[in-house]
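Okay, so here's the structure we're looking at.
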Amino acid sequence: MPPASESLLDYEADLLEKKADFEEQFQSELKQKYLDKLNGYLSDFDKKFCTTGLLRKVDRRQAGKDRLLKAMKKADTSSLEKIEETSKNMEELLPKLGLVQEDTAEAVQYPEKQKDKILNPKSGMDMIKGLGKLFKK
């Protein structure tokens, strides 16, 4: 199955495992054709994984960070429980993105800001005053 733009490193690991099994078990004329197909999928995966924006290609570590931040921004952060769940899901997602805990500083900031908004809501007047400052010179 070809990689999707959302495919993570577990997809690649699965393909590499299949490739190793296939190389070990088969000795037919079709072997090279199948291996070429798998290598094409692996190459396509690498391109898709490392492309994080329109025409923006980065290394794998940065791609993982960008994908993690995107996942954090998409997550439901409407309540403290949902934010806690999002943090737990982030921990499970790290290996699939090729990241370790030290790589999460930027992504962790987003749910923390949402948590702060819930714990310290601004009043309507604070928001109006903030908008008024935009128009002052």
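Convention: chains lettered A, B, ... in structure tokens order; per-chain residue numbering from 1; ligands numbered from 1 as shown.
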Fewer than 6 positions away in the same chain doesn't count, so skip those; otherwise give me all residues within 12 Å of Gly64 (chain A), counting only C-alpha atoms, as a PDB file with all heavy atoms, in the first residue's frame.
ATOM      1  N   GLU A   6      -0.119  11.444   5.588  1.00  0.00           N
ATOM      2  CA  GLU A   6      -0.159  11.391   7.049  1.00  0.00           C
ATOM      3  C   GLU A   6       0.622  10.205   7.622  1.00  0.00           C
ATOM      4  O   GLU A   6       0.641  10.010   8.825  1.00  0.00           O
ATOM      5  CB  GLU A   6      -1.611  11.267   7.552  1.00  0.00           C
ATOM      6  CG  GLU A   6      -2.564  12.296   7.024  1.00  0.00           C
ATOM      7  CD  GLU A   6      -3.142  11.907   5.672  1.00  0.00           C
ATOM      8  OE1 GLU A   6      -3.396  10.725   5.425  1.00  0.00           O
ATOM      9  OE2 GLU A   6      -3.327  12.807   4.846  1.00  0.00           O
ATOM     10  N   SER A   7       1.222   9.378   6.770  1.00  0.00           N
ATOM     11  CA  SER A   7       1.943   8.193   7.246  1.00  0.00           C
ATOM     12  C   SER A   7       3.079   8.599   8.181  1.00  0.00           C
ATOM     13  O   SER A   7       3.760   9.596   7.959  1.00  0.00           O
ATOM     14  CB  SER A   7       2.516   7.405   6.070  1.00  0.00           C
ATOM     15  OG  SER A   7       1.497   6.888   5.269  1.00  0.00           O
ATOM     16  N   LEU A   8       3.275   7.787   9.225  1.00  0.00           N
ATOM     17  CA  LEU A   8       4.305   8.054  10.217  1.00  0.00           C
ATOM     18  C   LEU A   8       5.401   7.009  10.138  1.00  0.00           C
ATOM     19  O   LEU A   8       5.352   6.104   9.303  1.00  0.00           O
ATOM     20  CB  LEU A   8       3.674   8.091  11.612  1.00  0.00           C
ATOM     21  CG  LEU A   8       2.552   9.119  11.784  1.00  0.00           C
ATOM     22  CD1 LEU A   8       1.956   9.024  13.178  1.00  0.00           C
ATOM     23  CD2 LEU A   8       3.043  10.523  11.502  1.00  0.00           C
ATOM     24  N   LEU A   9       6.374   7.104  11.001  1.00  0.00           N
ATOM     25  CA  LEU A   9       7.531   6.221  10.934  1.00  0.00           C
ATOM     26  C   LEU A   9       7.185   4.751  11.154  1.00  0.00           C
ATOM     27  O   LEU A   9       7.922   3.879  10.705  1.00  0.00           O
ATOM     28  CB  LEU A   9       8.600   6.669  11.934  1.00  0.00           C
ATOM     29  CG  LEU A   9       9.234   8.033  11.645  1.00  0.00           C
ATOM     30  CD1 LEU A   9      10.246   8.381  12.720  1.00  0.00           C
ATOM     31  CD2 LEU A   9       9.869   8.076  10.276  1.00  0.00           C
ATOM     32  N   ASP A  46       9.511   8.867   2.420  1.00  0.00           N
ATOM     33  CA  ASP A  46      10.490   9.841   2.896  1.00  0.00           C
ATOM     34  C   ASP A  46      10.173  11.239   2.370  1.00  0.00           C
ATOM     35  O   ASP A  46      10.223  12.222   3.110  1.00  0.00           O
ATOM     36  CB  ASP A  46      11.906   9.421   2.480  1.00  0.00           C
ATOM     37  CG  ASP A  46      12.955  10.262   3.159  1.00  0.00           C
ATOM     38  OD1 ASP A  46      12.959  10.316   4.407  1.00  0.00           O
ATOM     39  OD2 ASP A  46      13.768  10.889   2.443  1.00  0.00           O
ATOM     40  N   LYS A  48       7.212  12.381   1.386  1.00  0.00           N
ATOM     41  CA  LYS A  48       5.966  12.871   1.991  1.00  0.00           C
ATOM     42  C   LYS A  48       6.158  13.233   3.464  1.00  0.00           C
ATOM     43  O   LYS A  48       5.614  14.223   3.936  1.00  0.00           O
ATOM     44  CB  LYS A  48       4.861  11.833   1.850  1.00  0.00           C
ATOM     45  CG  LYS A  48       4.334  11.751   0.430  1.00  0.00           C
ATOM     46  CD  LYS A  48       3.204  10.765   0.298  1.00  0.00           C
ATOM     47  CE  LYS A  48       2.691  10.778  -1.137  1.00  0.00           C
ATOM     48  NZ  LYS A  48       1.552   9.906  -1.321  1.00  0.00           N
ATOM     49  N   PHE A  49       6.921  12.425   4.176  1.00  0.00           N
ATOM     50  CA  PHE A  49       7.131  12.684   5.601  1.00  0.00           C
ATOM     51  C   PHE A  49       7.903  13.989   5.811  1.00  0.00           C
ATOM     52  O   PHE A  49       7.595  14.767   6.706  1.00  0.00           O
ATOM     53  CB  PHE A  49       7.879  11.519   6.259  1.00  0.00           C
ATOM     54  CG  PHE A  49       7.998  11.646   7.757  1.00  0.00           C
ATOM     55  CD1 PHE A  49       6.936  11.316   8.573  1.00  0.00           C
ATOM     56  CD2 PHE A  49       9.168  12.104   8.340  1.00  0.00           C
ATOM     57  CE1 PHE A  49       7.031  11.436   9.951  1.00  0.00           C
ATOM     58  CE2 PHE A  49       9.273  12.234   9.719  1.00  0.00           C
ATOM     59  CZ  PHE A  49       8.207  11.901  10.521  1.00  0.00           C
ATOM     60  N   CYS A  50       8.892  14.225   4.975  1.00  0.00           N
ATOM     61  CA  CYS A  50       9.757  15.396   5.144  1.00  0.00           C
ATOM     62  C   CYS A  50       9.219  16.665   4.490  1.00  0.00           C
ATOM     63  O   CYS A  50       9.807  17.727   4.627  1.00  0.00           O
ATOM     64  CB  CYS A  50      11.157  15.084   4.623  1.00  0.00           C
ATOM     65  SG  CYS A  50      12.009  13.865   5.641  1.00  0.00           S
ATOM     66  N   THR A  51       8.108  16.572   3.777  1.00  0.00           N
ATOM     67  CA  THR A  51       7.483  17.756   3.201  1.00  0.00           C
ATOM     68  C   THR A  51       6.393  18.206   4.162  1.00  0.00           C
ATOM     69  O   THR A  51       5.374  17.561   4.299  1.00  0.00           O
ATOM     70  CB  THR A  51       6.885  17.443   1.809  1.00  0.00           C
ATOM     71  OG1 THR A  51       7.925  16.944   0.972  1.00  0.00           O
ATOM     72  CG2 THR A  51       6.280  18.678   1.189  1.00  0.00           C
ATOM     73  N   THR A  52       6.646  19.332   4.828  1.00  0.00           N
ATOM     74  CA  THR A  52       5.725  19.764   5.877  1.00  0.00           C
ATOM     75  C   THR A  52       4.862  20.944   5.477  1.00  0.00           C
ATOM     76  O   THR A  52       4.011  21.370   6.242  1.00  0.00           O
ATOM     77  CB  THR A  52       6.495  20.124   7.165  1.00  0.00           C
ATOM     78  OG1 THR A  52       7.415  21.162   6.867  1.00  0.00           O
ATOM     79  CG2 THR A  52       7.216  18.909   7.710  1.00  0.00           C
ATOM     80  N   LYS A  57      10.542  21.350   2.292  1.00  0.00           N
ATOM     81  CA  LYS A  57      11.151  20.060   2.618  1.00  0.00           C
ATOM     82  C   LYS A  57      12.178  20.284   3.726  1.00  0.00           C
ATOM     83  O   LYS A  57      13.013  21.173   3.625  1.00  0.00           O
ATOM     84  CB  LYS A  57      11.814  19.467   1.380  1.00  0.00           C
ATOM     85  CG  LYS A  57      12.357  18.077   1.597  1.00  0.00           C
ATOM     86  CD  LYS A  57      12.218  17.265   0.336  1.00  0.00           C
ATOM     87  CE  LYS A  57      12.934  15.945   0.417  1.00  0.00           C
ATOM     88  NZ  LYS A  57      12.248  14.944   1.157  1.00  0.00           N
ATOM     89  N   VAL A  58      12.058  19.492   4.798  1.00  0.00           N
ATOM     90  CA  VAL A  58      12.943  19.620   5.950  1.00  0.00           C
ATOM     91  C   VAL A  58      13.525  18.253   6.292  1.00  0.00           C
ATOM     92  O   VAL A  58      13.134  17.236   5.728  1.00  0.00           O
ATOM     93  CB  VAL A  58      12.169  20.190   7.169  1.00  0.00           C
ATOM     94  CG1 VAL A  58      11.698  21.612   6.910  1.00  0.00           C
ATOM     95  CG2 VAL A  58      10.987  19.315   7.538  1.00  0.00           C
ATOM     96  N   LYS A  70       1.475  20.433  14.598  1.00  0.00           N
ATOM     97  CA  LYS A  70       0.214  20.436  13.849  1.00  0.00           C
ATOM     98  C   LYS A  70      -0.837  19.570  14.561  1.00  0.00           C
ATOM     99  O   LYS A  70      -2.001  19.962  14.674  1.00  0.00           O
ATOM    100  CB  LYS A  70       0.466  19.907  12.436  1.00  0.00           C
ATOM    101  CG  LYS A  70      -0.724  19.974  11.525  1.00  0.00           C
ATOM    102  CD  LYS A  70      -0.345  19.491  10.137  1.00  0.00           C
ATOM    103  CE  LYS A  70      -1.524  19.512   9.202  1.00  0.00           C
ATOM    104  NZ  LYS A  70      -1.172  19.042   7.857  1.00  0.00           N
ATOM    105  N   ALA A  71      -0.421  18.411  15.053  1.00  0.00           N
ATOM    106  CA  ALA A  71      -1.343  17.525  15.777  1.00  0.00           C
ATOM    107  C   ALA A  71      -1.835  18.185  17.056  1.00  0.00           C
ATOM    108  O   ALA A  71      -3.020  18.069  17.401  1.00  0.00           O
ATOM    109  CB  ALA A  71      -0.660  16.197  16.103  1.00  0.00           C
ATOM    110  N   MET A  90       0.218  12.817  22.915  1.00  0.00           N
ATOM    111  CA  MET A  90       1.486  13.322  22.403  1.00  0.00           C
ATOM    112  C   MET A  90       2.621  12.371  22.776  1.00  0.00           C
ATOM    113  O   MET A  90       3.482  12.072  21.954  1.00  0.00           O
ATOM    114  CB  MET A  90       1.771  14.716  22.953  1.00  0.00           C
ATOM    115  CG  MET A  90       3.079  15.289  22.434  1.00  0.00           C
ATOM    116  SD  MET A  90       3.498  16.882  23.145  1.00  0.00           S
ATOM    117  CE  MET A  90       3.884  16.428  24.825  1.00  0.00           C
ATOM    118  N   LEU A  93       2.651   9.479  20.517  1.00  0.00           N
ATOM    119  CA  LEU A  93       2.955   9.849  19.144  1.00  0.00           C
ATOM    120  C   LEU A  93       4.453  10.063  18.907  1.00  0.00           C
ATOM    121  O   LEU A  93       4.933   9.891  17.776  1.00  0.00           O
ATOM    122  CB  LEU A  93       2.168  11.120  18.785  1.00  0.00           C
ATOM    123  CG  LEU A  93       2.144  11.594  17.352  1.00  0.00           C
ATOM    124  CD1 LEU A  93       1.576  10.514  16.428  1.00  0.00           C
ATOM    125  CD2 LEU A  93       1.330  12.873  17.227  1.00  0.00           C
ATOM    126  N   LEU A  94       5.198  10.410  19.940  1.00  0.00           N
ATOM    127  CA  LEU A  94       6.613  10.749  19.782  1.00  0.00           C
ATOM    128  C   LEU A  94       7.432   9.708  19.009  1.00  0.00           C
ATOM    129  O   LEU A  94       8.127  10.069  18.057  1.00  0.00           O
ATOM    130  CB  LEU A  94       7.255  11.023  21.147  1.00  0.00           C
ATOM    131  CG  LEU A  94       6.803  12.294  21.856  1.00  0.00           C
ATOM    132  CD1 LEU A  94       7.502  12.434  23.202  1.00  0.00           C
ATOM    133  CD2 LEU A  94       7.037  13.519  21.005  1.00  0.00           C
ATOM    134  N   PRO A  95       7.385   8.424  19.376  1.00  0.00           N
ATOM    135  CA  PRO A  95       8.203   7.458  18.629  1.00  0.00           C
ATOM    136  C   PRO A  95       7.795   7.322  17.158  1.00  0.00           C
ATOM    137  O   PRO A  95       8.625   7.051  16.300  1.00  0.00           O
ATOM    138  CB  PRO A  95       8.000   6.136  19.373  1.00  0.00           C
ATOM    139  CG  PRO A  95       7.105   6.406  20.509  1.00  0.00           C
ATOM    140  CD  PRO A  95       6.686   7.822  20.492  1.00  0.00           C
ATOM    141  N   LYS A  96       6.528   7.538  16.879  1.00  0.00           N
ATOM    142  CA  LYS A  96       6.048   7.440  15.499  1.00  0.00           C
ATOM    143  C   LYS A  96       6.514   8.621  14.652  1.00  0.00           C
ATOM    144  O   LYS A  96       6.422   8.591  13.435  1.00  0.00           O
ATOM    145  CB  LYS A  96       4.525   7.359  15.467  1.00  0.00           C
ATOM    146  CG  LYS A  96       3.983   6.092  16.091  1.00  0.00           C
ATOM    147  CD  LYS A  96       2.487   6.075  16.065  1.00  0.00           C
ATOM    148  CE  LYS A  96       1.947   4.804  16.702  1.00  0.00           C
ATOM    149  NZ  LYS A  96       0.498   4.765  16.674  1.00  0.00           N
ATOM    150  N   LEU A  97       6.997   9.663  15.330  1.00  0.00           N
ATOM    151  CA  LEU A  97       7.509  10.845  14.643  1.00  0.00           C
ATOM    152  C   LEU A  97       9.030  10.929  14.706  1.00  0.00           C
ATOM    153  O   LEU A  97       9.625  11.861  14.187  1.00  0.00           O
ATOM    154  CB  LEU A  97       6.903  12.116  15.254  1.00  0.00           C
ATOM    155  CG  LEU A  97       5.399  12.271  15.081  1.00  0.00           C
ATOM    156  CD1 LEU A  97       4.887  13.427  15.934  1.00  0.00           C
ATOM    157  CD2 LEU A  97       5.054  12.485  13.636  1.00  0.00           C
ATOM    158  N   GLY A  98       9.645   9.961  15.382  1.00  0.00           N
ATOM    159  CA  GLY A  98      11.098   9.961  15.500  1.00  0.00           C
ATOM    160  C   GLY A  98      11.609  11.006  16.477  1.00  0.00           C
ATOM    161  O   GLY A  98      12.716  11.510  16.326  1.00  0.00           O
ATOM    162  N   LEU A  99      10.814  11.323  17.486  1.00  0.00           N
ATOM    163  CA  LEU A  99      11.175  12.367  18.444  1.00  0.00           C
ATOM    164  C   LEU A  99      11.342  11.788  19.848  1.00  0.00           C
ATOM    165  O   LEU A  99      10.852  10.709  20.148  1.00  0.00           O
ATOM    166  CB  LEU A  99      10.084  13.447  18.491  1.00  0.00           C
ATOM    167  CG  LEU A  99       9.796  14.184  17.193  1.00  0.00           C
ATOM    168  CD1 LEU A  99       8.603  15.121  17.371  1.00  0.00           C
ATOM    169  CD2 LEU A  99      11.003  14.962  16.728  1.00  0.00           C
ATOM    170  N   VAL A 100      12.024  12.563  20.677  1.00  0.00           N
ATOM    171  CA  VAL A 100      12.143  12.251  22.099  1.00  0.00           C
ATOM    172  C   VAL A 100      11.557  13.427  22.875  1.00  0.00           C
ATOM    173  O   VAL A 100      11.270  14.481  22.297  1.00  0.00           O
ATOM    174  CB  VAL A 100      13.611  11.997  22.512  1.00  0.00           C
ATOM    175  CG1 VAL A 100      14.137  10.713  21.883  1.00  0.00           C
ATOM    176  CG2 VAL A 100      14.500  13.172  22.147  1.00  0.00           C
ATOM    177  N   ASP A 103      12.427  17.114  22.308  1.00  0.00           N
ATOM    178  CA  ASP A 103      12.030  17.752  21.060  1.00  0.00           C
ATOM    179  C   ASP A 103      10.649  18.383  21.112  1.00  0.00           C
ATOM    180  O   ASP A 103      10.194  18.948  20.124  1.00  0.00           O
ATOM    181  CB  ASP A 103      12.028  16.719  19.918  1.00  0.00           C
ATOM    182  CG  ASP A 103      13.401  16.147  19.644  1.00  0.00           C
ATOM    183  OD1 ASP A 103      14.386  16.901  19.740  1.00  0.00           O
ATOM    184  OD2 ASP A 103      13.495  14.949  19.323  1.00  0.00           O
ATOM    185  N   THR A 104       9.984  18.317  22.256  1.00  0.00           N
ATOM    186  CA  THR A 104       8.570  18.698  22.309  1.00  0.00           C
ATOM    187  C   THR A 104       8.295  20.091  22.854  1.00  0.00           C
ATOM    188  O   THR A 104       7.136  20.471  22.992  1.00  0.00           O
ATOM    189  CB  THR A 104       7.779  17.686  23.163  1.00  0.00           C
ATOM    190  OG1 THR A 104       8.256  17.754  24.509  1.00  0.00           O
ATOM    191  CG2 THR A 104       7.898  16.286  22.616  1.00  0.00           C
ATOM    192  N   GLU A 106       8.220  23.196  21.784  1.00  0.00           N
ATOM    193  CA  GLU A 106       7.304  24.067  21.038  1.00  0.00           C
ATOM    194  C   GLU A 106       5.882  23.510  21.027  1.00  0.00           C
ATOM    195  O   GLU A 106       4.924  24.254  21.211  1.00  0.00           O
ATOM    196  CB  GLU A 106       7.819  24.231  19.609  1.00  0.00           C
ATOM    197  CG  GLU A 106       7.067  25.257  18.809  1.00  0.00           C
ATOM    198  CD  GLU A 106       7.629  25.442  17.408  1.00  0.00           C
ATOM    199  OE1 GLU A 106       8.655  24.832  17.076  1.00  0.00           O
ATOM    200  OE2 GLU A 106       7.003  26.191  16.642  1.00  0.00           O
ATOM    201  N   ALA A 107       5.753  22.215  20.836  1.00  0.00           N
ATOM    202  CA  ALA A 107       4.428  21.601  20.767  1.00  0.00           C
ATOM    203  C   ALA A 107       3.724  21.619  22.117  1.00  0.00           C
ATOM    204  O   ALA A 107       2.502  21.737  22.183  1.00  0.00           O
ATOM    205  CB  ALA A 107       4.535  20.172  20.249  1.00  0.00           C
TER     206      ALA A 107
END
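Per DSSP on the backbone, helix (DSSP H, G or I) in region 23-64 of chain A comprises Glu23, Glu24, Gln25, Leu30, Lys31, Gln32, Lys33, Tyr34, Leu35, Asp36, Lys37, Leu38, Asn39, Gly40, Tyr41, Leu42, Ser43, Asp44, Phe45, Asp46, Lys47, Lys48, Phe49, Cys50, Arg60, Arg61, Gln62, Ala63 and Gly64 of chain A.
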CA of Lys117 (chain A) to CA of Gln62 (chain A), straight-line distance in Å: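 So the answer is 28.0 Å.
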For Ser43 (chain A), please output as a PyMOL selection string all residues within 12 Å (counting only C-alpha atoms; exclusion window: fewer than 5 positions along the same chain). chain A and resi 2-3+12+15-16+36-38+48-50
From the set A:Gln114, A:Met1, A:Asp66, A:Ala105, which residue has the shortest atom-to-atom contact distance to Thr86 (chain A), counting only C-alpha atoms?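 Checking each candidate against Thr86 (chain A), we get A:Gln114 as the closest.
Each of A:Gln101, A:Leu68, A:Glu17, A:Pro111 was checked against Glu85 (chain A) using only C-alpha atoms; the smallest atom-to-atom distance is that of A:Pro111.
Here the DSSP assignment of strand (DSSP E or B), based on backbone atoms, applies within region 22-109 of chain A to Thr51, Thr52, Gly53, Arg56 and Lys57 of chain A.
CA of Lys33 (chain A) sits 18.7 Å away from CA of Asp14 (chain A).
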